[in-house]
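K.L.:
Got a file for you: start-v9.cif, mmCIF, C-alpha atoms.
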data_entry
#
loop_
_atom_site.group_PDB
_atom_site.id
_atom_site.type_symbol
_atom_site.label_atom_id
_atom_site.label_comp_id
_atom_site.auth_asym_id
_atom_site.auth_seq_id
_atom_site.Cartn_x
_atom_site.Cartn_y
_atom_site.Cartn_z
ATOM 1 C CA MET H 2 -22.185 -164.165 38.325
ATOM 2 C CA GLU H 3 -25.280 -162.116 39.154
ATOM 3 C CA ILE H 4 -28.810 -163.502 39.362
ATOM 4 C CA ARG H 5 -30.045 -160.562 37.290
ATOM 5 C CA VAL H 6 -27.619 -161.385 34.484
ATOM 6 C CA LEU H 7 -28.643 -165.048 34.528
ATOM 7 C CA ARG H 8 -32.245 -163.919 34.017
ATOM 8 C CA TYR H 9 -31.085 -161.805 31.068
ATOM 9 C CA PHE H 10 -29.188 -164.765 29.627
ATOM 10 C CA LEU H 11 -32.213 -167.087 29.907
ATOM 11 C CA GLU H 12 -34.527 -164.591 28.257
ATOM 12 C CA VAL H 13 -32.155 -164.285 25.291
ATOM 13 C CA ALA H 14 -31.809 -168.076 25.110
ATOM 14 C CA ARG H 15 -35.593 -168.469 25.030
ATOM 15 C CA GLU H 16 -36.196 -165.710 22.488
ATOM 16 C CA ASN H 17 -33.190 -166.537 20.248
ATOM 17 C CA SER H 18 -32.970 -162.799 19.781
ATOM 18 C CA ILE H 19 -31.312 -159.989 21.709
ATOM 19 C CA THR H 20 -33.770 -157.500 20.269
ATOM 20 C CA HIS H 21 -36.867 -159.418 21.369
ATOM 21 C CA ALA H 22 -35.345 -160.253 24.742
ATOM 22 C CA ALA H 23 -34.473 -156.603 25.376
ATOM 23 C CA GLU H 24 -38.078 -155.620 24.631
ATOM 24 C CA ARG H 25 -39.416 -158.209 27.078
ATOM 25 C CA LEU H 26 -36.900 -157.181 29.735
ATOM 26 C CA HIS H 27 -37.575 -153.469 29.186
ATOM 27 C CA ILE H 28 -33.898 -152.607 28.778
ATOM 28 C CA SER H 29 -31.964 -151.266 25.814
ATOM 29 C CA GLN H 30 -30.410 -153.637 23.298
ATOM 30 C CA PRO H 31 -26.860 -152.238 23.791
ATOM 31 C CA THR H 32 -27.174 -152.684 27.557
ATOM 32 C CA LEU H 33 -28.285 -156.300 27.143
ATOM 33 C CA SER H 34 -25.530 -157.033 24.625
ATOM 34 C CA LYS H 35 -22.923 -155.666 27.030
ATOM 35 C CA GLN H 36 -24.276 -157.767 29.921
ATOM 36 C CA LEU H 37 -24.031 -160.906 27.787
ATOM 37 C CA LYS H 38 -20.535 -160.062 26.626
ATOM 38 C CA ASP H 39 -19.450 -159.460 30.230
ATOM 39 C CA LEU H 40 -20.930 -162.839 31.181
ATOM 40 C CA GLU H 41 -18.967 -164.577 28.426
ATOM 41 C CA ASN H 42 -15.787 -162.839 29.569
ATOM 42 C CA GLU H 43 -16.451 -163.833 33.182
ATOM 43 C CA LEU H 44 -16.905 -167.501 32.250
ATOM 44 C CA GLY H 45 -14.179 -167.502 29.617
ATOM 45 C CA LYS H 46 -16.493 -169.240 27.120
ATOM 46 C CA LYS H 47 -18.518 -168.192 24.104
ATOM 47 C CA LEU H 48 -22.198 -168.709 24.903
ATOM 48 C CA PHE H 49 -23.890 -167.603 21.671
ATOM 49 C CA ILE H 50 -23.383 -167.951 17.933
ATOM 50 C CA ARG H 51 -24.668 -164.708 16.484
ATOM 51 C CA GLY H 52 -26.363 -164.715 13.081
ATOM 52 C CA ASN H 53 -27.898 -161.986 10.930
ATOM 53 C CA TYR H 54 -31.409 -162.418 12.304
ATOM 54 C CA ASN H 55 -31.110 -164.538 15.419
ATOM 55 C CA ILE H 56 -28.664 -166.151 17.784
ATOM 56 C CA ARG H 57 -28.292 -169.687 19.056
ATOM 57 C CA LEU H 58 -26.539 -171.282 21.967
ATOM 58 C CA THR H 59 -23.155 -172.921 21.823
ATOM 59 C CA ASP H 60 -22.620 -176.206 23.691
ATOM 60 C CA GLU H 61 -21.333 -174.121 26.610
ATOM 61 C CA GLY H 62 -24.408 -171.915 26.347
ATOM 62 C CA MET H 63 -26.729 -174.928 26.520
ATOM 63 C CA LEU H 64 -24.939 -176.126 29.655
ATOM 64 C CA LEU H 65 -25.299 -172.699 31.257
ATOM 65 C CA ARG H 66 -28.985 -172.582 30.309
ATOM 66 C CA LYS H 67 -29.628 -175.817 32.218
ATOM 67 C CA ARG H 68 -27.640 -174.603 35.229
ATOM 68 C CA ALA H 69 -29.238 -171.149 35.137
ATOM 69 C CA GLU H 70 -32.752 -172.640 35.088
ATOM 70 C CA ASP H 71 -31.923 -174.734 38.160
ATOM 71 C CA ILE H 72 -30.302 -171.797 39.969
ATOM 72 C CA LEU H 73 -33.193 -169.443 39.293
ATOM 73 C CA ASP H 74 -35.761 -172.090 40.247
ATOM 74 C CA MET H 75 -34.000 -172.393 43.593
ATOM 75 C CA VAL H 76 -33.739 -168.602 44.032
ATOM 76 C CA ASP H 77 -37.419 -168.098 43.242
ATOM 77 C CA LYS H 78 -38.490 -170.972 45.496
ATOM 78 C CA THR H 79 -36.353 -169.662 48.371
ATOM 79 C CA THR H 80 -37.721 -166.134 47.940
ATOM 80 C CA ALA H 81 -41.285 -167.441 47.946
ATOM 81 C CA GLU H 82 -40.575 -169.513 51.063
ATOM 82 C CA PHE H 83 -39.318 -166.496 53.000
ATOM 83 C CA HIS H 84 -42.229 -164.372 51.861
ATOM 84 C CA SER H 85 -44.632 -167.045 53.118
ATOM 85 C CA LEU H 86 -42.980 -167.585 56.509
ATOM 86 C CA GLY H 87 -45.509 -166.755 59.178
ATOM 87 C CA ASP H 88 -48.196 -166.287 56.520
ATOM 88 C CA ILE H 89 -50.592 -169.195 56.622
ATOM 89 C CA ASN H 90 -53.001 -167.570 54.167
ATOM 90 C CA GLY H 91 -51.177 -168.863 51.129
ATOM 91 C CA GLY H 92 -47.904 -170.117 49.734
ATOM 92 C CA ASP H 93 -46.507 -172.563 47.208
ATOM 93 C CA ILE H 94 -45.950 -176.305 47.583
ATOM 94 C CA HIS H 95 -43.682 -178.133 45.139
ATOM 95 C CA ILE H 96 -44.367 -181.859 44.837
ATOM 96 C CA GLY H 97 -42.744 -184.529 42.694
ATOM 97 C CA CYS H 98 -45.041 -187.322 41.528
ATOM 98 C CA ALA H 99 -44.578 -190.762 40.104
ATOM 99 C CA GLU H 100 -47.247 -191.724 37.581
ATOM 100 C CA SER H 101 -49.999 -193.504 39.521
ATOM 101 C CA ALA H 102 -53.762 -193.412 39.939
ATOM 102 C CA ASN H 103 -53.122 -193.429 43.693
ATOM 103 C CA ILE H 104 -52.009 -189.815 43.508
ATOM 104 C CA LYS H 105 -55.715 -189.406 44.330
ATOM 105 C CA TYR H 106 -54.757 -189.653 48.019
ATOM 106 C CA LEU H 107 -52.425 -186.689 47.641
ATOM 107 C CA ALA H 108 -55.115 -184.810 45.717
ATOM 108 C CA ARG H 109 -57.634 -185.306 48.529
ATOM 109 C CA CYS H 110 -55.246 -183.802 51.062
ATOM 110 C CA ILE H 111 -54.499 -180.862 48.779
ATOM 111 C CA LYS H 112 -58.234 -180.274 48.378
ATOM 112 C CA ALA H 113 -58.694 -180.349 52.162
ATOM 113 C CA ILE H 114 -56.095 -177.659 52.892
ATOM 114 C CA GLN H 115 -57.125 -175.489 49.927
ATOM 115 C CA ALA H 116 -60.690 -175.505 51.283
ATOM 116 C CA GLN H 117 -59.314 -173.693 54.345
ATOM 117 C CA TYR H 118 -56.546 -171.749 52.603
ATOM 118 C CA PRO H 119 -57.587 -171.114 48.976
ATOM 119 C CA ASN H 120 -54.465 -169.050 48.253
ATOM 120 C CA ILE H 121 -52.192 -172.078 48.612
ATOM 121 C CA ARG H 122 -50.833 -173.103 45.213
ATOM 122 C CA VAL H 123 -49.523 -176.564 44.375
ATOM 123 C CA HIS H 124 -46.940 -177.244 41.668
ATOM 124 C CA LEU H 125 -46.582 -180.859 40.500
ATOM 125 C CA TYR H 126 -43.516 -182.228 38.760
ATOM 126 C CA SER H 127 -43.766 -185.665 37.123
ATOM 127 C CA GLY H 128 -40.789 -187.965 36.768
ATOM 128 C CA ASP H 129 -39.223 -191.253 37.728
ATOM 129 C CA THR H 130 -37.751 -191.934 41.151
ATOM 130 C CA ASN H 131 -34.187 -190.918 40.285
ATOM 131 C CA ASP H 132 -35.342 -187.602 38.858
ATOM 132 C CA LEU H 133 -37.637 -186.875 41.814
ATOM 133 C CA GLU H 134 -35.008 -187.732 44.416
ATOM 134 C CA GLU H 135 -32.453 -185.536 42.644
ATOM 135 C CA ARG H 136 -34.808 -182.557 42.660
ATOM 136 C CA LEU H 137 -35.705 -183.240 46.281
ATOM 137 C CA GLU H 138 -32.027 -183.280 47.255
ATOM 138 C CA ARG H 139 -31.440 -179.986 45.459
ATOM 139 C CA GLY H 140 -34.287 -178.349 47.351
ATOM 140 C CA LEU H 141 -36.509 -177.861 44.299
ATOM 141 C CA LEU H 142 -39.269 -180.038 45.793
ATOM 142 C CA ASP H 143 -40.859 -180.100 49.235
ATOM 143 C CA LEU H 144 -42.185 -183.658 48.943
ATOM 144 C CA SER H 145 -42.050 -186.479 46.425
ATOM 145 C CA VAL H 146 -44.347 -189.411 45.754
ATOM 146 C CA ILE H 147 -42.283 -192.362 44.567
ATOM 147 C CA ALA H 148 -43.030 -195.926 43.470
ATOM 148 C CA GLN H 149 -39.986 -197.544 45.004
ATOM 149 C CA ALA H 150 -38.569 -198.650 48.343
ATOM 150 C CA VAL H 151 -37.460 -195.687 50.471
ATOM 151 C CA ASP H 152 -33.831 -194.954 51.320
ATOM 152 C CA LEU H 153 -34.289 -194.740 55.093
ATOM 153 C CA SER H 154 -30.864 -193.180 55.595
ATOM 154 C CA LYS H 155 -31.980 -190.048 53.743
ATOM 155 C CA TYR H 156 -35.759 -189.740 53.930
ATOM 156 C CA ASN H 157 -38.789 -189.832 56.164
ATOM 157 C CA TYR H 158 -41.916 -191.230 54.573
ATOM 158 C CA LEU H 159 -45.622 -191.948 54.604
ATOM 159 C CA GLU H 160 -47.082 -195.034 52.963
ATOM 160 C CA LEU H 161 -50.159 -194.449 50.813
ATOM 161 C CA PRO H 162 -53.151 -196.755 51.470
ATOM 162 C CA GLU H 163 -53.275 -198.581 48.113
ATOM 163 C CA SER H 164 -50.694 -200.364 45.990
ATOM 164 C CA ASP H 165 -50.435 -200.202 42.213
ATOM 165 C CA ILE H 166 -51.209 -203.383 40.287
ATOM 166 C CA TRP H 167 -48.898 -204.383 37.442
ATOM 167 C CA GLY H 168 -50.266 -205.554 34.117
ATOM 168 C CA VAL H 169 -50.255 -205.090 30.367
ATOM 169 C CA VAL H 170 -52.163 -202.571 28.250
ATOM 170 C CA MET H 171 -52.989 -203.969 24.821
ATOM 171 C CA ARG H 172 -55.443 -203.590 21.978
ATOM 172 C CA LYS H 173 -58.772 -205.345 22.524
ATOM 173 C CA ASP H 174 -58.318 -207.212 19.248
ATOM 174 C CA ALA H 175 -54.994 -208.709 20.409
ATOM 175 C CA ALA H 176 -55.018 -212.480 20.910
ATOM 176 C CA LEU H 177 -53.713 -212.023 24.453
ATOM 177 C CA ALA H 178 -56.773 -209.917 25.299
ATOM 178 C CA GLN H 179 -58.850 -213.105 25.398
ATOM 179 C CA LYS H 180 -57.174 -213.974 28.697
ATOM 180 C CA GLU H 181 -58.333 -212.563 32.032
ATOM 181 C CA ALA H 182 -54.713 -212.309 33.206
ATOM 182 C CA VAL H 183 -51.295 -212.850 31.647
ATOM 183 C CA CYS H 184 -48.166 -214.541 32.908
ATOM 184 C CA ILE H 185 -44.533 -213.724 32.238
ATOM 185 C CA GLU H 186 -44.230 -216.452 29.601
ATOM 186 C CA ASP H 187 -47.016 -214.827 27.546
ATOM 187 C CA LEU H 188 -44.882 -211.724 27.092
ATOM 188 C CA LEU H 189 -41.511 -213.151 26.116
ATOM 189 C CA ASP H 190 -41.996 -212.938 22.338
ATOM 190 C CA LEU H 191 -44.106 -209.772 22.235
ATOM 191 C CA PRO H 192 -42.928 -206.201 21.453
ATOM 192 C CA LEU H 193 -42.904 -204.572 24.896
ATOM 193 C CA ILE H 194 -43.064 -200.882 25.754
ATOM 194 C CA VAL H 195 -41.752 -200.172 29.247
ATOM 195 C CA SER H 196 -40.790 -197.240 31.450
ATOM 196 C CA ARG H 197 -37.137 -196.289 31.729
ATOM 197 C CA GLN H 198 -37.319 -196.659 35.496
ATOM 198 C CA GLY H 199 -38.870 -200.082 34.909
ATOM 199 C CA ILE H 200 -35.855 -201.223 32.937
ATOM 200 C CA ARG H 201 -33.552 -200.319 35.820
ATOM 201 C CA GLU H 202 -35.621 -201.670 38.693
ATOM 202 C CA ASP H 203 -38.968 -203.341 37.980
ATOM 203 C CA ILE H 204 -38.253 -205.416 34.871
ATOM 204 C CA PRO H 205 -35.397 -207.391 36.483
ATOM 205 C CA ARG H 206 -37.666 -208.051 39.473
ATOM 206 C CA LEU H 207 -40.509 -209.177 37.217
ATOM 207 C CA PHE H 208 -38.664 -211.372 34.775
ATOM 208 C CA GLY H 209 -35.579 -212.550 36.654
ATOM 209 C CA GLU H 210 -33.433 -214.848 34.512
ATOM 210 C CA LYS H 211 -35.860 -214.513 31.589
ATOM 211 C CA ILE H 212 -35.024 -210.849 31.112
ATOM 212 C CA ASP H 213 -32.672 -211.596 28.206
ATOM 213 C CA ALA H 214 -35.577 -213.125 26.282
ATOM 214 C CA LEU H 215 -37.579 -209.890 26.305
ATOM 215 C CA ASN H 216 -38.238 -207.922 23.142
ATOM 216 C CA ILE H 217 -38.261 -204.331 24.416
ATOM 217 C CA THR H 218 -39.028 -202.134 21.426
ATOM 218 C CA ALA H 219 -39.638 -198.764 23.133
ATOM 219 C CA THR H 220 -39.141 -196.960 26.422
ATOM 220 C CA LEU H 221 -41.041 -194.023 27.916
ATOM 221 C CA ASN H 222 -41.753 -192.126 31.104
ATOM 222 C CA LEU H 223 -45.485 -191.415 30.595
ATOM 223 C CA ALA H 224 -47.970 -194.261 30.227
ATOM 224 C CA TYR H 225 -50.355 -192.134 28.161
ATOM 225 C CA ASN H 226 -47.800 -191.808 25.378
ATOM 226 C CA GLY H 227 -47.332 -195.561 25.522
ATOM 227 C CA SER H 228 -51.063 -196.050 25.071
ATOM 228 C CA VAL H 229 -50.897 -194.090 21.809
ATOM 229 C CA LEU H 230 -48.193 -196.452 20.553
ATOM 230 C CA VAL H 231 -50.328 -199.427 21.536
ATOM 231 C CA ARG H 232 -53.376 -198.066 19.705
ATOM 232 C CA GLU H 233 -51.210 -197.741 16.597
ATOM 233 C CA GLY H 234 -50.202 -201.396 16.862
ATOM 234 C CA LEU H 235 -46.617 -200.930 18.028
ATOM 235 C CA GLY H 236 -46.691 -203.262 21.001
ATOM 236 C CA TYR H 237 -47.810 -203.843 24.579
ATOM 237 C CA VAL H 238 -47.241 -201.484 27.515
ATOM 238 C CA LEU H 239 -46.113 -203.032 30.782
ATOM 239 C CA THR H 240 -47.445 -200.608 33.377
ATOM 240 C CA PHE H 241 -49.703 -199.960 36.381
ATOM 241 C CA ASP H 242 -53.467 -200.287 36.173
ATOM 242 C CA LYS H 243 -55.706 -197.197 35.766
ATOM 243 C CA LEU H 244 -53.124 -194.984 34.057
ATOM 244 C CA VAL H 245 -54.756 -195.046 30.610
ATOM 245 C CA ASP H 246 -58.330 -195.256 29.351
ATOM 246 C CA THR H 247 -59.404 -198.899 29.062
ATOM 247 C CA SER H 248 -63.147 -198.250 29.272
ATOM 248 C CA GLU H 249 -65.757 -199.885 27.022
ATOM 249 C CA GLU H 250 -65.358 -197.059 24.519
ATOM 250 C CA SER H 251 -61.571 -197.485 24.343
ATOM 251 C CA GLU H 252 -59.707 -199.659 21.840
ATOM 252 C CA LEU H 253 -57.462 -200.783 24.703
ATOM 253 C CA CYS H 254 -57.756 -203.132 27.654
ATOM 254 C CA PHE H 255 -55.689 -203.926 30.755
ATOM 255 C CA ARG H 256 -54.799 -207.447 31.825
ATOM 256 C CA PRO H 257 -53.139 -207.984 35.233
ATOM 257 C CA LEU H 258 -50.085 -210.148 35.678
ATOM 258 C CA ILE H 259 -50.240 -213.509 37.391
ATOM 259 C CA PRO H 260 -49.015 -214.107 39.963
ATOM 260 C CA LYS H 261 -50.255 -210.692 41.089
ATOM 261 C CA LEU H 262 -47.523 -208.084 41.403
ATOM 262 C CA LYS H 263 -47.935 -204.829 43.364
ATOM 263 C CA THR H 264 -45.820 -201.713 43.910
ATOM 264 C CA GLN H 265 -46.269 -199.516 46.969
ATOM 265 C CA LEU H 266 -46.292 -195.715 46.777
ATOM 266 C CA TYR H 267 -44.557 -193.540 49.368
ATOM 267 C CA VAL H 268 -44.527 -189.833 50.111
ATOM 268 C CA ILE H 269 -40.953 -188.912 51.049
ATOM 269 C CA TRP H 270 -39.128 -185.835 52.328
ATOM 270 C CA LYS H 271 -35.588 -185.163 53.493
ATOM 271 C CA LYS H 272 -34.704 -185.858 57.092
ATOM 272 C CA TYR H 273 -34.471 -182.693 59.213
ATOM 273 C CA GLN H 274 -36.197 -180.731 56.453
ATOM 274 C CA VAL H 275 -37.603 -177.312 57.329
ATOM 275 C CA PHE H 276 -40.942 -176.797 55.594
ATOM 276 C CA THR H 277 -42.770 -173.655 54.596
ATOM 277 C CA PRO H 278 -46.079 -173.138 56.440
ATOM 278 C CA ALA H 279 -48.015 -174.311 53.374
ATOM 279 C CA ALA H 280 -45.953 -177.482 52.940
ATOM 280 C CA GLU H 281 -46.182 -178.154 56.674
ATOM 281 C CA LEU H 282 -49.976 -177.912 56.447
ATOM 282 C CA LEU H 283 -50.086 -180.468 53.646
ATOM 283 C CA LEU H 284 -47.779 -182.874 55.450
ATOM 284 C CA ARG H 285 -49.827 -182.555 58.640
ATOM 285 C CA GLU H 286 -53.007 -183.311 56.680
ATOM 286 C CA MET H 287 -51.394 -186.379 55.112
ATOM 287 C CA LYS H 288 -50.232 -187.645 58.504
ATOM 288 C CA THR H 289 -53.752 -187.208 59.834
ATOM 289 C CA GLN H 290 -55.296 -189.055 56.898
ATOM 290 C CA TYR H 291 -52.755 -191.826 56.341
ATOM 291 C CA GLY H 292 -50.912 -192.438 59.591
ATOM 292 C CA ILE H 293 -47.793 -191.398 61.440
ATOM 293 C CA SER H 294 -44.653 -190.874 59.375
ATOM 294 C CA VAL H 295 -41.473 -192.850 59.851
#
Rewrite the coordinates I just gave you, this time as structure tokens.
P.N.:
Amino acid sequence: MEIRVLRYFLEVARENSITHAAERLHISQPTLSKQLKDLENELGKKLFIRGNYNIRLTDEGMLLRKRAEDILDMVDKTTAEFHSLGDINGGDIHIGCAESANIKYLARCIKAIQAQYPNIRVHLYSGDTNDLEERLERGLLDLSVIAQAVDLSKYNYLELPESDIWGVVMRKDAALAQKEAVCIEDLLDLPLIVSRQGIREDIPRLFGEKIDALNITATLNLAYNGSVLVREGLGYVLTFDKLVDTSEESELCFRPLIPKLKTQLYVIWKKYQVFTPAAELLLREMKTQYGISV
């Protein structure tokens, strides 16, 4: 299976048309059709369902599309890394980020190195801890910022200076908004909107034996989308502070939990990882700003 052919396959999958894909790839339509047919023969599976005006992927084609995207991401990242070796003038840094206002500490370090090396580019990927660790293990990320205890058998880490405070985002006209803080019992009968990572890890820690009494009506992975649901009266988002607009002009407010609950953020990277010069610069800046790594 050739990298070039995988690029052809992805272009066709994105365009839903061999004709349009061939134009974008600057090759003839018969040549592209033959490459795709050879790929199907090599894999022993039909990848496309061909119609009169367009084509669509089979189940096998959709699986290959996901694998091809991952493979080509890795190829492109590896190529860029080798091109940047020994070249401190620029380069790309790939960082996974949990959703947190304390990403500001990462941003400050990025700003510091880009002031010296303006050709350094940073690519952020948002996701929950499982997703970020998976991409880190596959080499698609240089560093990840996670909101979870670190697996010390696999990663080195830096601890960011501030913790995230847990609470509830609600409409200002909600009865619960009259309180300065809310306790677990206040939430048991309310429609709750929570993160998918929270269901696996944080919610059991928060609610303990009372977890079965919760009324979880929606899950998400971005707090902003949850805030839209709250504004429309669909429930209460259990989340970190400072992720959505709760200013005076907003219809929403944030109320912290009592007793106070915090989650620490960590920057992690694989043990024995070899960094590109650009990623090494960022890590060195973070160590200088926030302490020695473990």
K.L.:
Considering only C-alpha atoms, return as a ChimeraX atom specification whatever protein or nucleic-acid residues lie within 12 Å of H:Ala175, sequence-local ones (same chain, fewer than 3 positions apart) excluded.
P.N.:
/H:169-172,178-180,191,231-232,234-237,252-256
K.L.:
Run through the PyMOL selection byres ((chain H and resi 118) around 12) on the given coordinates and return the selected residues as a ChimeraX atom specification.
P.N.:
/H:88-93,111-117,119-123,278-279,282-283
K.L.:
Save the residues we just selected, C-alpha atoms, as a PDB file, in the frame of the given file?
P.N.:
ATOM      1  CA  ASP H  88     -48.196-166.287  56.520  1.00  0.00           C
ATOM      2  CA  ILE H  89     -50.592-169.195  56.622  1.00  0.00           C
ATOM      3  CA  ASN H  90     -53.001-167.570  54.167  1.00  0.00           C
ATOM      4  CA  GLY H  91     -51.177-168.863  51.129  1.00  0.00           C
ATOM      5  CA  GLY H  92     -47.904-170.117  49.734  1.00  0.00           C
ATOM      6  CA  ASP H  93     -46.507-172.563  47.208  1.00  0.00           C
ATOM      7  CA  ILE H 111     -54.499-180.862  48.779  1.00  0.00           C
ATOM      8  CA  LYS H 112     -58.234-180.274  48.378  1.00  0.00           C
ATOM      9  CA  ALA H 113     -58.694-180.349  52.162  1.00  0.00           C
ATOM     10  CA  ILE H 114     -56.095-177.659  52.892  1.00  0.00           C
ATOM     11  CA  GLN H 115     -57.125-175.489  49.927  1.00  0.00           C
ATOM     12  CA  ALA H 116     -60.690-175.505  51.283  1.00  0.00           C
ATOM     13  CA  GLN H 117     -59.314-173.693  54.345  1.00  0.00           C
ATOM     14  CA  PRO H 119     -57.587-171.114  48.976  1.00  0.00           C
ATOM     15  CA  ASN H 120     -54.465-169.050  48.253  1.00  0.00           C
ATOM     16  CA  ILE H 121     -52.192-172.078  48.612  1.00  0.00           C
ATOM     17  CA  ARG H 122     -50.833-173.103  45.213  1.00  0.00           C
ATOM     18  CA  VAL H 123     -49.523-176.564  44.375  1.00  0.00           C
ATOM     19  CA  PRO H 278     -46.079-173.138  56.440  1.00  0.00           C
ATOM     20  CA  ALA H 279     -48.015-174.311  53.374  1.00  0.00           C
ATOM     21  CA  LEU H 282     -49.976-177.912  56.447  1.00  0.00           C
ATOM     22  CA  LEU H 283     -50.086-180.468  53.646  1.00  0.00           C
TER      23      LEU H 283
END
K.L.:
Which residues are close to stretch 8-24 of chain H, i.e. within 10 Å by only C-alpha atoms, leaving aside same-chain residues fewer than 6 positions away? Reply as a list in words.
P.N.:
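That gives Gln30, Pro31, Thr32, Leu33, Ser34, Gln36, Leu37, Leu40, Leu48, Phe49, Arg51, Gly52, Tyr54, Asn55, Ile56, Arg57, Leu58, Gly62, Met63, Leu65, Arg66, Lys67, Ala69, Glu70 and Leu73 of chain H.
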K.L.:
Name the residues captured by the PyMOL selection byres ((chain H and resi 149-156) around 8) when it is applied to the shown file; answer as JSON, numbers by chain.
P.N.:
{"H": [130, 147, 148, 157, 158, 264, 265, 266, 267, 269, 270, 271, 272]}
K.L.:
Measuring between only C-alpha atoms, which one of H:Leu258, H:Met2, H:Val275, H:Cys98 shows the shortest distance to H:Glu181?
P.N.:
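The closest residue to H:Glu181 is H:Leu258.
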K.L.:
In Å to one decimal, how far is atom CA of H:Arg197 from atom CA of H:Gly227?
P.N.:
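Those two atoms sit 12.0 Å apart.
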K.L.:
For H:Asn131, which residue among H:Lys47, H:Lys173, H:Arg285, H:Arg201 is the nearest when counting all atoms listed in the file?
P.N.:
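The answer is H:Arg201, which sits nearest to H:Asn131.
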K.L.:
Using all atoms listed in the file, pick whichever of H:Asp60, H:Asp242, H:Glu100, H:Asp71 has the shortest atom-to-atom distance to H:Arg136.
P.N.:
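Among the listed residues, the smallest separation from H:Arg136 belongs to H:Asp71.
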K.L.:
Please measure the separation of atom CA of H:Asp187 and atom CA of H:Ile259, giving the value in Å to one decimal.
P.N.:
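So the answer is 10.4 Å.
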K.L.:
As a check of understanding, name the residues that the PyMOL selection byres ((chain H and resi 260) around 10) selects in the supplied structure, as a ChimeraX atom specification.
P.N.:
/H:182-185,257-259,261-263
K.L.:
Quick one: distance from atom CA of H:Val229 to atom CA of H:Arg206 in Å, one decimal?
P.N.:
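Taking atom CA of H:Val229 and atom CA of H:Arg206, their separation equals 26.1 Å.
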K.L.:
Kindly complete stretch 61-72 of chain H to N, CA, C and O atoms; the output should be written as a PDB file, in the coordinates of the input.
P.N.:
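Result file follows (result-v1.pdb):
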ATOM      1  N   GLU H  61     -21.526-174.728  25.294  1.00  0.00           N
ATOM      2  CA  GLU H  61     -21.333-174.121  26.610  1.00  0.00           C
ATOM      3  C   GLU H  61     -22.566-173.318  27.027  1.00  0.00           C
ATOM      4  O   GLU H  61     -22.944-173.305  28.212  1.00  0.00           O
ATOM      5  N   GLY H  62     -23.193-172.667  26.060  1.00  0.00           N
ATOM      6  CA  GLY H  62     -24.408-171.915  26.347  1.00  0.00           C
ATOM      7  C   GLY H  62     -25.556-172.814  26.779  1.00  0.00           C
ATOM      8  O   GLY H  62     -26.327-172.471  27.677  1.00  0.00           O
ATOM      9  N   MET H  63     -25.667-173.995  26.146  1.00  0.00           N
ATOM     10  CA  MET H  63     -26.729-174.928  26.520  1.00  0.00           C
ATOM     11  C   MET H  63     -26.505-175.466  27.936  1.00  0.00           C
ATOM     12  O   MET H  63     -27.453-175.647  28.701  1.00  0.00           O
ATOM     13  N   LEU H  64     -25.242-175.695  28.292  1.00  0.00           N
ATOM     14  CA  LEU H  64     -24.939-176.126  29.655  1.00  0.00           C
ATOM     15  C   LEU H  64     -25.316-175.036  30.657  1.00  0.00           C
ATOM     16  O   LEU H  64     -25.941-175.319  31.692  1.00  0.00           O
ATOM     17  N   LEU H  65     -24.957-173.790  30.348  1.00  0.00           N
ATOM     18  CA  LEU H  65     -25.299-172.699  31.257  1.00  0.00           C
ATOM     19  C   LEU H  65     -26.807-172.522  31.362  1.00  0.00           C
ATOM     20  O   LEU H  65     -27.330-172.210  32.443  1.00  0.00           O
ATOM     21  N   ARG H  66     -27.523-172.722  30.259  1.00  0.00           N
ATOM     22  CA  ARG H  66     -28.985-172.582  30.309  1.00  0.00           C
ATOM     23  C   ARG H  66     -29.580-173.571  31.317  1.00  0.00           C
ATOM     24  O   ARG H  66     -30.432-173.195  32.131  1.00  0.00           O
ATOM     25  N   LYS H  67     -29.119-174.822  31.272  1.00  0.00           N
ATOM     26  CA  LYS H  67     -29.628-175.817  32.218  1.00  0.00           C
ATOM     27  C   LYS H  67     -29.276-175.416  33.646  1.00  0.00           C
ATOM     28  O   LYS H  67     -30.123-175.477  34.548  1.00  0.00           O
ATOM     29  N   ARG H  68     -28.046-175.002  33.877  1.00  0.00           N
ATOM     30  CA  ARG H  68     -27.640-174.603  35.229  1.00  0.00           C
ATOM     31  C   ARG H  68     -28.386-173.351  35.684  1.00  0.00           C
ATOM     32  O   ARG H  68     -28.811-173.252  36.838  1.00  0.00           O
ATOM     33  N   ALA H  69     -28.558-172.397  34.780  1.00  0.00           N
ATOM     34  CA  ALA H  69     -29.238-171.149  35.137  1.00  0.00           C
ATOM     35  C   ALA H  69     -30.696-171.409  35.503  1.00  0.00           C
ATOM     36  O   ALA H  69     -31.234-170.804  36.439  1.00  0.00           O
ATOM     37  N   GLU H  70     -31.360-172.317  34.764  1.00  0.00           N
ATOM     38  CA  GLU H  70     -32.752-172.640  35.088  1.00  0.00           C
ATOM     39  C   GLU H  70     -32.855-173.229  36.488  1.00  0.00           C
ATOM     40  O   GLU H  70     -33.750-172.888  37.261  1.00  0.00           O
ATOM     41  N   ASP H  71     -31.917-174.131  36.824  1.00  0.00           N
ATOM     42  CA  ASP H  71     -31.923-174.734  38.160  1.00  0.00           C
ATOM     43  C   ASP H  71     -31.650-173.687  39.242  1.00  0.00           C
ATOM     44  O   ASP H  71     -32.310-173.665  40.285  1.00  0.00           O
ATOM     45  N   ILE H  72     -30.663-172.819  38.985  1.00  0.00           N
ATOM     46  CA  ILE H  72     -30.302-171.797  39.969  1.00  0.00           C
ATOM     47  C   ILE H  72     -31.471-170.852  40.213  1.00  0.00           C
ATOM     48  O   ILE H  72     -31.823-170.544  41.354  1.00  0.00           O
TER      49      ILE H  72
END
